[in-house]
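This report concerns only the one structure given below.
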Amino acid sequence: MTTLKALAVAAIIAAAAPFSAPSAEARGNGCELRGQVASQGNQRSQLAIRNEGAIPLYVFWIDYKGNERNYQNQDQPLVRIDPGQIQEITAAQGHYYSVYDENEVCLSVVRVDAPAMMVGYASGSNAAPNTNTAQAQPQRQPQQQAAATTPRQPNGSATSADGDVMRILELVNQHRANGAVCTGTGTRFGPAPPLQLHQPLSQAATAWSQQMLNTGNFTHGDMQGRITAVCGQVAMGENIAANPTADGAVAGWMSSTSGHCEAIMNPTYRLIGIGKATGSQYGAYWTQKFADRCGR
């Protein structure tokens with residue numbers, strides 16, 4: 001448990017749902033791995049789960065005793081995923097996650113066995129999930145594989161300084177001006193200076209949003225390498241989201257339990273790059289890149 005709570009990859013996570021782990025009678029088929037005990041490995045992974053159905057989904061972490069809980073050791077879901085949304089979970093390889101719909105029917109159990117994974121579920125279906133494993137440098141998938149993830153739509157576009165990007169900058173700086181308590185760690189942040197929009201970082205953020213759109217791989221990949229290429233060796237961070245609106249993306253980051261809020265509120269950062277790529281069925285892929293300075 002301590003290992004997972006220490007992981008802090010920025011990833012968009014929804015608020016926990018109000019029901020506890022379903023009873024045995026409520027579970028559907030396809031959950032043979034329920035109760036599997038996670039390994040003690042600490043190799044970080046990113047698990048993106050896509051809700052392709054019409055009702056919310058809820059995800060539990062299966063702990064070291066085979067119990068379905070959240071990372072705070074509570075008998076509550078780890079995340080809620082609304083229809084049409086993607087949520088990314090900070091995970092560790094060798095761990096198991098169970099997925100339920102809002103009727104408390106188990107859809108499947110996912111074993112994390114790669115540095116980055118994406119799975120998709122349609123509510124009410126107990127079939128095996130569609131999966132796509134991403135590498136640190138994702139390659140464009142063949143068309144038949146991309147269709148199982150997030151296909152690029154015709155006329156897709158990417159921008160770095162449109163109204164939505166400026167809206168994200170406005171909202172982020174409002175939160176920094178007001179201060180915030182971040183849910184994931186309980187850290188209380190006081191007011192912080194506003195972030196300045198940095199064009200080279202925004203270009204890099206836009207390029208990464210477009211990469212996620214093109215490949216359907218919702219992942220950070222080599223975040224450090226991309227920011228270092230722009231700014232050199234600096235303090236850095238990154239948030240990503242799949243959300244149709246700027247307001248929705250920021251709300252998800254601020255309520256995240258996996259480091260998004262901390263990245264936004266970190267007073268060390270002075271610069272931000274913001275990128276958006278539109279054209280997917282989820283509306284847009286968003287990327288924020290943070291740095292304390294940029295020396296190139």
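In the structure tokens, chains take letters A, B, ... by order of appearance, with residues numbered from 1 within each chain and ligands from 1 in the order shown.
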Hey, what's within 12 Å of A:Gln233 if we count only C-alpha atoms and toss same-chain stuff fewer than 2 positions away? As a PyMOL selection string, please?
chain A and resi 224-231+235-236+291-296
Kindly assemble as JSON lines a list of the stretch 208-284 of chain A residues that lie within 10 Å of stretch 45-50 of chain A, each paired with its nearest atom pair and their distance in Å to one decimal, using only C-alpha atoms, sorted first by chain and then by ascending residue number.
{"residue": "A:Asn217", "atom": "CA", "partner": "A:Ala48", "partner_atom": "CA", "distance": 8.7}
{"residue": "A:Phe218", "atom": "CA", "partner": "A:Ala48", "partner_atom": "CA", "distance": 6.5}
{"residue": "A:Thr219", "atom": "CA", "partner": "A:Gln46", "partner_atom": "CA", "distance": 6.8}
{"residue": "A:His220", "atom": "CA", "partner": "A:Gln46", "partner_atom": "CA", "distance": 8.2}
{"residue": "A:Gly221", "atom": "CA", "partner": "A:Gln46", "partner_atom": "CA", "distance": 9.5}
{"residue": "A:Ala242", "atom": "CA", "partner": "A:Arg50", "partner_atom": "CA", "distance": 9.8}
{"residue": "A:Tyr282", "atom": "CA", "partner": "A:Arg50", "partner_atom": "CA", "distance": 9.7}
As a JSON list (two decimals) with C-alpha atoms, in the first residue's frame, please: every residue in stretch 157-200 of chain A that a backbone DSSP assignment puts in strand (DSSP E).
[["chain", "number", "residue", "atom", "x", "y", "z"],
["A", 157, "SER", "CA", -6.93, 19.42, -35.44],
["A", 158, "ALA", "CA", -4.46, 20.53, -32.80],
["A", 159, "THR", "CA", -3.89, 24.02, -31.37],
["A", 180, "ALA", "CA", -6.09, 24.56, -2.58],
["A", 181, "VAL", "CA", -6.03, 21.30, -0.64],
["A", 188, "ARG", "CA", -2.54, 22.25, 1.60],
["A", 189, "PHE", "CA", -1.13, 24.77, -0.87],
["A", 196, "GLN", "CA", 3.24, 32.15, -17.60],
["A", 197, "LEU", "CA", 2.23, 30.53, -20.88]]
Quick one: residues within 9 Å of A:Ile81, only C-alpha atoms counted, chain neighbours fewer than 3 positions away excluded, as a PDB file with C-alpha atoms, in the first residue's frame?
ATOM      1  CA  ILE A  13      -8.994  10.528 -11.989  1.00  0.00           C
ATOM      2  CA  ALA A  14     -12.666  11.034 -11.160  1.00  0.00           C
ATOM      3  CA  ALA A  15     -14.142  11.168  -7.653  1.00  0.00           C
ATOM      4  CA  ILE A  49      -9.679   2.848 -18.728  1.00  0.00           C
ATOM      5  CA  ARG A  50     -12.203   3.969 -21.314  1.00  0.00           C
ATOM      6  CA  ASN A  51     -15.986   3.878 -20.714  1.00  0.00           C
ATOM      7  CA  ILE A  55     -23.689   4.292 -17.615  1.00  0.00           C
ATOM      8  CA  PRO A  56     -20.852   5.038 -15.163  1.00  0.00           C
ATOM      9  CA  LEU A  57     -18.143   2.508 -14.352  1.00  0.00           C
ATOM     10  CA  TYR A  58     -16.307   2.080 -11.045  1.00  0.00           C
ATOM     11  CA  VAL A  59     -12.823   0.685 -10.551  1.00  0.00           C
ATOM     12  CA  GLY A  84     -17.500   8.533 -23.001  1.00  0.00           C
ATOM     13  CA  GLN A  85     -14.634   9.405 -20.657  1.00  0.00           C
ATOM     14  CA  ILE A  86     -11.125   8.054 -20.185  1.00  0.00           C
ATOM     15  CA  GLN A  87      -9.497   7.929 -16.772  1.00  0.00           C
TER      16      GLN A  87
END
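With only C-alpha atoms as the atoms that count, the residue of A:Gly237, A:Gly283, A:Gly179, A:Pro191 with the shortest distance to A:Leu213 is A:Gly283.
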Could you name the residues that touch A:Cys31 at 7 Å or less, counting only C-alpha atoms, but leaving out those on the same chain fewer than 5 positions away, as a VMD selection string?
chain A and resid 106 to 109
What separation in Å, quoted to one decimal, exists between atom CA of A:Ile89 and atom CA of A:Thr215?
19.1 Å
Hey, which of A:His198, A:Val165, A:Gln211, A:Pro193 ends up closest to A:Thr268? Count only C-alpha atoms.
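Nearest candidate to A:Thr268 out of A:His198, A:Val165, A:Gln211, A:Pro193: A:Pro193.
For the atom pair formed by atom CA of A:Asp247 and atom CA of A:Ile168, the distance is 7.1 Å, given to one decimal.
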May I ask for the distance between atom CA of A:Gly216 and atom CA of A:Gly275, given in Å to one decimal place?
16.1 Å
